[in-house]
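**Student:** You'll find coords01.csv just under this line, and it carries CSV, C-alpha atoms.
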```
chain,number,residue,atom,x,y,z
A,1,MET,CA,99.2,-46.6,40.8
A,2,LYS,CA,96.2,-45.8,42.9
A,3,LEU,CA,97.1,-42.1,42.7
A,4,ARG,CA,97.3,-42.3,38.8
A,5,ASN,CA,94.0,-43.9,38.7
A,6,SER,CA,92.4,-41.3,40.9
A,7,PHE,CA,93.9,-38.5,38.9
A,8,ALA,CA,92.8,-40.1,35.6
A,9,THR,CA,89.3,-40.4,37.0
A,10,VAL,CA,89.3,-36.7,38.0
A,11,LEU,CA,90.6,-35.7,34.5
A,12,ALA,CA,88.0,-37.8,32.8
A,13,ALA,CA,85.3,-36.4,35.0
A,14,ALA,CA,86.5,-32.8,34.2
A,15,ALA,CA,86.6,-33.6,30.5
A,16,GLY,CA,83.1,-34.9,30.7
A,17,VAL,CA,81.9,-31.8,32.5
A,18,MET,CA,83.6,-29.5,30.0
A,19,GLY,CA,82.2,-31.3,27.0
A,20,MET,CA,78.5,-31.4,28.2
A,21,ALA,CA,76.2,-28.9,26.6
A,22,ALA,CA,74.1,-26.7,28.9
A,23,ALA,CA,70.4,-27.4,28.9
A,24,PRO,CA,68.4,-24.6,27.2
A,25,ALA,CA,66.5,-22.3,29.5
A,26,MET,CA,62.7,-23.0,29.7
A,27,ALA,CA,60.6,-20.4,28.1
A,28,ALA,CA,58.0,-18.7,30.3
A,29,ALA,CA,54.4,-20.1,29.8
A,30,PRO,CA,52.2,-17.7,27.9
A,31,ALA,CA,49.6,-15.8,29.9
A,32,THR,CA,46.0,-17.2,29.6
A,33,THR,CA,43.7,-14.8,27.7
A,34,HIS,CA,39.9,-14.7,27.4
A,35,SER,CA,37.8,-13.0,24.5
A,36,ALA,CA,34.1,-12.4,24.3
A,37,THR,CA,32.3,-14.4,21.5
A,38,ALA,CA,30.5,-12.0,19.1
A,39,VAL,CA,26.7,-12.6,18.9
A,40,VAL,CA,25.7,-13.2,15.3
A,41,LYS,CA,22.2,-12.0,14.8
A,42,LYS,CA,19.8,-13.6,12.3
A,43,THR,CA,17.3,-11.8,10.1
A,44,PRO,CA,13.8,-13.2,10.7
A,45,ALA,CA,11.2,-13.7,7.9
A,46,LEU,CA,8.8,-10.8,7.6
A,47,SER,CA,6.0,-10.3,5.0
A,48,LEU,CA,2.9,-8.2,4.4
A,49,SER,CA,-0.1,-9.3,2.3
A,50,PHE,CA,-3.5,-7.9,1.4
A,51,ASN,CA,-6.9,-9.1,0.6
A,52,SER,CA,-6.8,-6.9,-2.5
A,53,THR,CA,-4.4,-4.3,-3.9
A,54,TRP,CA,-7.1,-2.5,-5.8
A,55,LEU,CA,-10.0,-1.2,-3.7
A,56,GLY,CA,-13.0,1.0,-4.2
A,57,TYR,CA,-13.3,4.2,-2.1
A,58,GLY,CA,-14.8,3.4,1.3
A,59,GLN,CA,-14.0,-0.3,1.3
A,60,TRP,CA,-12.1,-2.0,4.1
A,61,MET,CA,-8.6,-3.1,3.4
A,62,GLN,CA,-7.5,-6.3,5.3
A,63,ALA,CA,-3.8,-6.9,5.6
A,64,THR,CA,-1.7,-9.6,7.4
A,65,VAL,CA,1.8,-9.3,8.7
A,66,HIS,CA,3.7,-12.6,9.2
A,67,LEU,CA,6.8,-12.7,11.4
A,68,GLY,CA,9.1,-15.8,11.5
A,69,ALA,CA,10.7,-17.2,14.7
A,70,THR,CA,12.5,-14.6,16.9
A,71,ALA,CA,14.2,-14.7,20.3
A,72,GLY,CA,11.7,-12.6,22.2
A,73,ASN,CA,10.2,-9.6,20.4
A,74,ARG,CA,6.9,-10.4,18.7
A,75,THR,CA,5.7,-6.9,17.9
A,76,VAL,CA,5.3,-5.6,14.4
A,77,THR,CA,4.3,-2.2,13.0
A,78,VAL,CA,2.5,-1.3,9.8
A,79,HIS,CA,3.4,2.0,8.0
A,80,ALA,CA,1.8,3.9,5.1
A,81,GLU,CA,2.7,6.7,2.8
A,82,ASN,CA,0.0,8.8,1.0
A,83,TRP,CA,0.6,9.1,-2.7
A,84,GLN,CA,-0.9,12.6,-2.9
A,85,ASN,CA,1.2,14.5,-0.3
A,86,HIS,CA,3.8,11.8,0.6
A,87,ALA,CA,2.8,12.0,4.3
A,88,THR,CA,3.8,8.9,6.3
A,89,PHE,CA,2.2,7.5,9.4
A,90,VAL,CA,1.8,4.4,11.5
A,91,ALA,CA,-1.4,2.6,10.7
A,92,ALA,CA,-1.2,-0.3,13.1
A,93,THR,CA,1.0,-2.0,15.6
A,94,GLY,CA,0.6,-5.2,17.7
A,95,LYS,CA,1.9,-8.6,18.6
A,96,VAL,CA,1.7,-11.5,16.2
A,97,ASN,CA,-0.3,-14.6,17.3
A,98,SER,CA,1.0,-18.1,17.9
A,99,ALA,CA,1.1,-18.7,14.1
A,100,GLY,CA,3.2,-15.5,13.7
A,101,ASN,CA,0.4,-13.5,12.1
A,102,PHE,CA,-0.9,-10.0,12.9
A,103,THR,CA,-4.1,-9.0,11.0
A,104,PHE,CA,-5.7,-5.6,10.8
A,105,GLU,CA,-8.3,-3.7,8.8
A,106,TYR,CA,-8.0,-0.1,7.4
A,107,TRP,CA,-10.7,2.0,5.8
A,108,ALA,CA,-9.6,2.7,2.2
A,109,SER,CA,-9.8,6.4,1.3
A,110,GLN,CA,-6.8,7.0,-1.0
A,111,SER,CA,-3.9,5.2,-2.7
A,112,ARG,CA,-1.0,4.5,-0.5
A,113,THR,CA,2.3,2.5,-0.2
A,114,TRP,CA,2.4,0.1,2.7
A,115,TRP,CA,5.2,-1.7,4.5
A,116,ALA,CA,5.7,-3.6,7.8
A,117,SER,CA,8.6,-3.4,10.2
A,118,PHE,CA,10.1,-5.5,13.0
A,119,GLY,CA,12.3,-3.7,15.5
A,120,GLY,CA,14.7,-6.6,16.3
A,121,ASP,CA,15.9,-8.0,19.7
A,122,ALA,CA,19.0,-9.4,21.3
A,123,LYS,CA,19.3,-12.2,18.7
A,124,ASP,CA,17.4,-10.8,15.7
A,125,ASN,CA,18.1,-8.0,13.3
A,126,ALA,CA,15.5,-5.3,12.6
A,127,VAL,CA,13.9,-5.7,9.2
A,128,ASN,CA,11.3,-3.9,6.9
A,129,THR,CA,9.3,-5.4,4.1
A,130,GLN,CA,9.4,-3.8,0.7
A,131,GLY,CA,6.7,-1.2,0.0
A,132,ALA,CA,3.5,-2.5,-1.6
A,133,ALA,CA,1.1,-0.3,-3.5
A,134,VAL,CA,-2.6,-0.4,-2.8
A,135,ARG,CA,-4.7,1.7,-5.2
A,136,VAL,CA,-8.0,3.1,-4.1
A,137,GLY,CA,-10.7,4.2,-6.6
A,138,SER,CA,-13.2,7.0,-6.4
A,139,VAL,CA,-17.0,6.9,-6.7
A,140,THR,CA,-18.9,9.0,-9.2
A,141,GLN,CA,-22.6,9.4,-8.8
A,142,GLU,CA,-25.1,11.1,-11.0
A,143,GLU,CA,-28.8,11.6,-10.2
A,144,LEU,CA,-31.7,13.1,-12.2
A,145,VAL,CA,-33.9,15.2,-10.0
A,146,SER,CA,-37.3,17.0,-10.1
A,147,SER,CA,-38.9,14.9,-12.9
A,148,TYR,CA,-42.7,15.2,-13.2
A,149,SER,CA,-42.9,11.4,-13.8
A,150,HIS,CA,-41.1,8.4,-15.1
A,151,ILE,CA,-41.6,5.4,-17.3
A,152,SER,CA,-40.0,1.9,-17.7
A,153,TRP,CA,-38.3,1.5,-21.0
A,154,GLY,CA,-35.9,-1.2,-22.2
A,155,GLY,CA,-35.3,-2.3,-18.7
A,156,HIS,CA,-34.4,1.2,-17.6
A,157,THR,CA,-36.2,3.9,-15.6
A,158,VAL,CA,-36.6,7.0,-17.8
A,159,ASP,CA,-37.3,10.3,-16.0
A,160,LEU,CA,-39.8,12.6,-17.8
A,161,TYR,CA,-39.3,16.4,-18.0
A,162,HIS,CA,-41.2,19.1,-19.8
A,163,GLY,CA,-38.9,20.4,-22.6
A,164,ALA,CA,-39.0,24.1,-21.6
A,165,GLY,CA,-37.9,23.3,-18.0
A,166,GLY,CA,-35.4,20.7,-19.0
A,167,ALA,CA,-33.9,17.7,-17.2
A,168,GLN,CA,-31.9,18.5,-14.1
A,169,MET,CA,-29.0,16.3,-13.0
A,170,GLY,CA,-26.5,16.5,-10.1
A,171,VAL,CA,-23.1,14.8,-10.0
A,172,LYS,CA,-21.0,14.0,-6.9
A,173,VAL,CA,-17.5,12.5,-6.6
A,174,SER,CA,-16.2,10.8,-3.5
A,175,PRO,CA,-13.9,11.5,-1.8
A,176,ASN,CA,-14.1,15.3,-2.2
A,177,LYS,CA,-12.4,16.7,-5.3
A,178,PRO,CA,-13.1,20.4,-5.3
A,179,GLY,CA,-11.8,22.2,-8.3
A,180,GLU,CA,-11.4,19.1,-10.4
A,181,ASN,CA,-13.5,18.2,-13.5
A,182,VAL,CA,-16.0,15.5,-14.4
A,183,TYR,CA,-16.9,14.7,-18.0
A,184,VAL,CA,-20.5,14.1,-19.0
A,185,THR,CA,-21.4,12.3,-22.3
A,186,ALA,CA,-24.9,12.1,-23.7
A,187,TYR,CA,-26.3,9.4,-26.1
A,188,GLY,CA,-29.6,9.5,-27.8
A,189,TYR,CA,-31.6,6.4,-28.8
A,190,TYR,CA,-32.3,6.9,-32.5
A,191,GLN,CA,-33.3,4.4,-35.2
A,192,GLY,CA,-32.7,1.5,-32.9
A,193,THR,CA,-29.2,2.4,-31.7
A,194,TRP,CA,-27.5,4.6,-29.2
A,195,GLN,CA,-25.8,7.5,-31.0
A,196,LEU,CA,-23.5,10.1,-29.6
A,197,MET,CA,-25.4,13.4,-29.1
A,198,ASP,CA,-22.9,15.4,-27.0
A,199,PRO,CA,-19.2,14.5,-26.5
A,200,SER,CA,-17.6,14.6,-23.1
A,201,GLN,CA,-17.9,18.0,-21.7
A,202,PRO,CA,-16.0,19.1,-18.5
A,203,ASP,CA,-17.9,20.3,-15.5
A,204,LEU,CA,-16.1,21.8,-12.5
A,205,LEU,CA,-16.8,20.3,-9.1
A,206,ASN,CA,-17.5,22.8,-6.3
A,207,SER,CA,-16.2,22.9,-2.7
A,208,SER,CA,-18.6,20.1,-1.9
A,209,SER,CA,-17.4,18.0,-4.8
A,210,VAL,CA,-20.7,18.5,-6.6
A,211,THR,CA,-21.8,19.9,-9.9
A,212,GLY,CA,-25.2,20.4,-11.6
A,213,MET,CA,-26.4,20.6,-15.2
A,214,SER,CA,-29.6,20.9,-17.2
A,215,PHE,CA,-30.8,19.7,-20.6
A,216,ASP,CA,-33.7,21.6,-22.2
A,217,THR,CA,-35.2,22.3,-25.6
A,218,ALA,CA,-33.9,25.8,-25.6
A,219,HIS,CA,-30.4,24.3,-25.9
A,220,ARG,CA,-31.5,22.1,-28.8
A,221,TRP,CA,-32.2,18.9,-26.8
A,222,PRO,CA,-34.9,17.1,-28.8
A,223,GLU,CA,-38.3,16.1,-27.4
A,224,GLY,CA,-39.5,12.5,-27.6
A,225,MET,CA,-36.0,10.9,-27.6
A,226,VAL,CA,-34.6,8.8,-24.7
A,227,VAL,CA,-31.3,10.2,-23.6
A,228,ARG,CA,-28.6,8.3,-21.7
A,229,LEU,CA,-26.1,10.3,-19.6
A,230,VAL,CA,-22.8,8.9,-18.3
A,231,THR,CA,-20.3,10.8,-16.1
A,232,VAL,CA,-16.6,10.1,-15.9
A,233,TYR,CA,-14.2,11.3,-13.2
A,234,LYS,CA,-10.7,10.7,-14.6
A,235,GLY,CA,-8.9,10.4,-11.3
A,236,ASP,CA,-5.8,12.0,-9.7
A,237,THR,CA,-2.8,10.9,-7.7
A,238,ALA,CA,-4.8,10.0,-4.7
A,239,ASN,CA,-7.7,8.1,-6.3
A,240,VAL,CA,-8.3,6.1,-9.4
A,241,GLY,CA,-11.0,7.4,-11.8
A,242,SER,CA,-14.5,6.1,-11.9
A,243,THR,CA,-17.6,6.1,-14.1
A,244,SER,CA,-21.2,6.6,-13.0
A,245,ALA,CA,-24.1,4.3,-13.6
A,246,PRO,CA,-26.1,5.7,-16.5
A,247,GLN,CA,-29.2,7.9,-16.1
A,248,TYR,CA,-32.0,8.1,-18.7
A,249,PHE,CA,-34.4,11.0,-19.4
A,250,GLU,CA,-36.9,12.1,-22.1
A,251,LEU,CA,-38.1,15.6,-22.8
A,252,THR,CA,-41.8,16.0,-23.5
A,253,LYS,CA,-44.3,18.8,-24.2
```
Output the structure of this file as structure tokens.

**Tutor:**
Amino acid sequence: MKLRNSFATVLAAAAGVMGMAAAPAMAAAPATTHSATAVVKKTPALSLSFNSTWLGYGQWMQATVHLGATAGNRTVTVHAENWQNHATFVAATGKVNSAGNFTFEYWASQSRTWWASFGGDAKDNAVNTQGAAVRVGSVTQEELVSSYSHISWGGHTVDLYHGAGGAQMGVKVSPNKPGENVYVTAYGYYQGTWQLMDPSQPDLLNSSSVTGMSFDTAHRWPEGMVVRLVTVYKGDTANVGSTSAPQYFELTK
């Protein structure tokens, strides 16, 4: 009896072992990996503004560059391109102040396109402003010379010349425009109004950007009439055209 029980117990135990499913093998733990986090740069605000975008020749242009917040670099650069020959150059460079502004002045001699740039840093992208046009005019001057006297007439100074010798006038355009033309128009004061006497005539500027002309009775200019002269330079790629202040003369005996 005791033997049967012991044998039954062994059989039961063997049956239990045979019917028990094996535990699954434990998978190996994955290796720990590390990857660098990419730096995402931002693009700072950058602008360029002017006191005027239309200047007379010889005036000073004032411009301001504004740079927004950056990580470290606070230097900006201002560039320009000449309209006439497309040459480009750096006009100014410097650090912005605590308000983010860099202001500079530049002597205006010809029309140009201007833009500002920021070179970037560890956390900020480089950036340029869009090009901005600043047009620069010219100056046309005319002057009557060698008169024997003058009178005040109608609020104007009228230079007097003897008719045979004629009135002498010089014209200069700045900046220098050798080989280009100016156009002189003459009006005579007749029967209470200004009337066209001589339509615009071209005169060639010399190497010094100067031309001269005379008006005498031998060329049918009348005596005893006040004449007003106005000179126009029509401009070119570099400079906007300009008109002189009028000059007044009268031919006498």

**Student:** When distances are computed from only C-alpha atoms, which of A:Leu251, A:Val127, A:Leu144, A:Leu48 shows the smallest separation from Ala164 of chain A?

**Tutor:**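 With only C-alpha atoms as the atom set, the closest residue is A:Leu251.
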
**Student:** Once you count all atoms listed in the file, which residues end up no further than 8 Å from (15.3, -10.9, 24.5) in the file's frame, shown as a PyMOL selection string?

**Tutor:** chain A and resi 71-73+121-123

**Student:** Go through A:Thr211, A:Asn101, A:Asn128, A:Gln62 one by one, measure the shortest atom-to-atom distance of each to Val182 of chain A using all atoms listed in the file, and give the residue with the smallest value.

**Tutor:**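 Nearest candidate to Val182 of chain A out of A:Thr211, A:Asn101, A:Asn128, A:Gln62: A:Thr211.
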
**Student:** I'd like to know which of A:Gln141, A:Met213, A:Gly163, A:Ser208 is closest to Gln247 of chain A, using all atoms listed in the file.

**Tutor:** A:Gln141

**Student:** Got a sec: who's within 12 Å of Ser111 of chain A, counting all atoms listed in the file, leaving out chain neighbours fewer than 4 positions off, as an mmCIF file with C-alpha atoms, in the frame of the given file?

**Tutor:**
```cif
data_model
loop_
_atom_site.group_PDB
_atom_site.id
_atom_site.type_symbol
_atom_site.label_atom_id
_atom_site.label_comp_id
_atom_site.auth_asym_id
_atom_site.auth_seq_id
_atom_site.Cartn_x
_atom_site.Cartn_y
_atom_site.Cartn_z
ATOM 1 C CA THR A 53 -4.400 -4.300 -3.900
ATOM 2 C CA TRP A 54 -7.100 -2.500 -5.800
ATOM 3 C CA LEU A 55 -10.000 -1.200 -3.700
ATOM 4 C CA GLY A 56 -13.000 1.000 -4.200
ATOM 5 C CA TYR A 57 -13.300 4.200 -2.100
ATOM 6 C CA GLY A 58 -14.800 3.400 1.300
ATOM 7 C CA MET A 61 -8.600 -3.100 3.400
ATOM 8 C CA ALA A 80 1.800 3.900 5.100
ATOM 9 C CA GLU A 81 2.700 6.700 2.800
ATOM 10 C CA ASN A 82 0.000 8.800 1.000
ATOM 11 C CA TRP A 83 0.600 9.100 -2.700
ATOM 12 C CA GLN A 84 -0.900 12.600 -2.900
ATOM 13 C CA ASN A 85 1.200 14.500 -0.300
ATOM 14 C CA HIS A 86 3.800 11.800 0.600
ATOM 15 C CA ALA A 87 2.800 12.000 4.300
ATOM 16 C CA TRP A 107 -10.700 2.000 5.800
ATOM 17 C CA ALA A 132 3.500 -2.500 -1.600
ATOM 18 C CA ALA A 133 1.100 -0.300 -3.500
ATOM 19 C CA VAL A 134 -2.600 -0.400 -2.800
ATOM 20 C CA ARG A 135 -4.700 1.700 -5.200
ATOM 21 C CA VAL A 136 -8.000 3.100 -4.100
ATOM 22 C CA GLY A 137 -10.700 4.200 -6.600
ATOM 23 C CA SER A 138 -13.200 7.000 -6.400
ATOM 24 C CA PRO A 175 -13.900 11.500 -1.800
ATOM 25 C CA GLY A 235 -8.900 10.400 -11.300
ATOM 26 C CA ASP A 236 -5.800 12.000 -9.700
ATOM 27 C CA THR A 237 -2.800 10.900 -7.700
ATOM 28 C CA ALA A 238 -4.800 10.000 -4.700
ATOM 29 C CA ASN A 239 -7.700 8.100 -6.300
ATOM 30 C CA VAL A 240 -8.300 6.100 -9.400
ATOM 31 C CA GLY A 241 -11.000 7.400 -11.800
#
```

**Student:** In Å to one decimal, how far is atom CA of Asp203 of chain A from atom CA of Lys172 of chain A?

**Tutor:**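 Interatomic distance, atom CA of Lys172 of chain A to atom CA of Asp203 of chain A: 11.1 Å.
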
**Student:** Could you check how far atom CA of Thr252 of chain A sits from atom CA of Tyr161 of chain A, in Å to one decimal?

**Tutor:**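 Those two atoms sit 6.1 Å apart.
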
**Student:** Of the candidates A:Asp124, A:Thr113, A:Met197, A:Val210, which one gets nearest to Lys177 of chain A if we count only C-alpha atoms?

**Tutor:**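 Comparing A:Asp124, A:Thr113, A:Met197, A:Val210 against Lys177 of chain A, the winner is A:Val210.
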
**Student:** Using Å and a single decimal, report how far atom CA of Gln110 of chain A sits from atom CA of Gly170 of chain A.

**Tutor:**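 Separation of atom CA of Gly170 of chain A and atom CA of Gln110 of chain A: 23.7 Å.
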
**Student:** Using all atoms listed in the file - which residues lie no farther than 8 Å from the point (-34.1, 7.3, -21.7) in the file's frame? Write them as a PyMOL selection string.

**Tutor:** chain A and resi 153+156-159+188-189+225-228+247-250

**Student:** Would you mind telling me which residue in A:Val65, A:Asn125, A:Lys42, A:Trp115 lies nearest to Val96 of chain A when using all atoms listed in the file?

**Tutor:**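 Of all the options, A:Val65 lies closest to Val96 of chain A.
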
**Student:** Nearest residue to Gly154 of chain A out of A:Gly192, A:Gly212, A:Val90, A:Phe102, using only C-alpha atoms?

**Tutor:** A:Gly192

**Student:** Near Leu67 of chain A, counting all atoms listed in the file, which residues have an atom at most 9 Å away, once you skip same-chain residues fewer than 4 positions from it, shown as number ranges by chain?

**Tutor:** A: 44-47, 74-76, 96, 99-102, 118
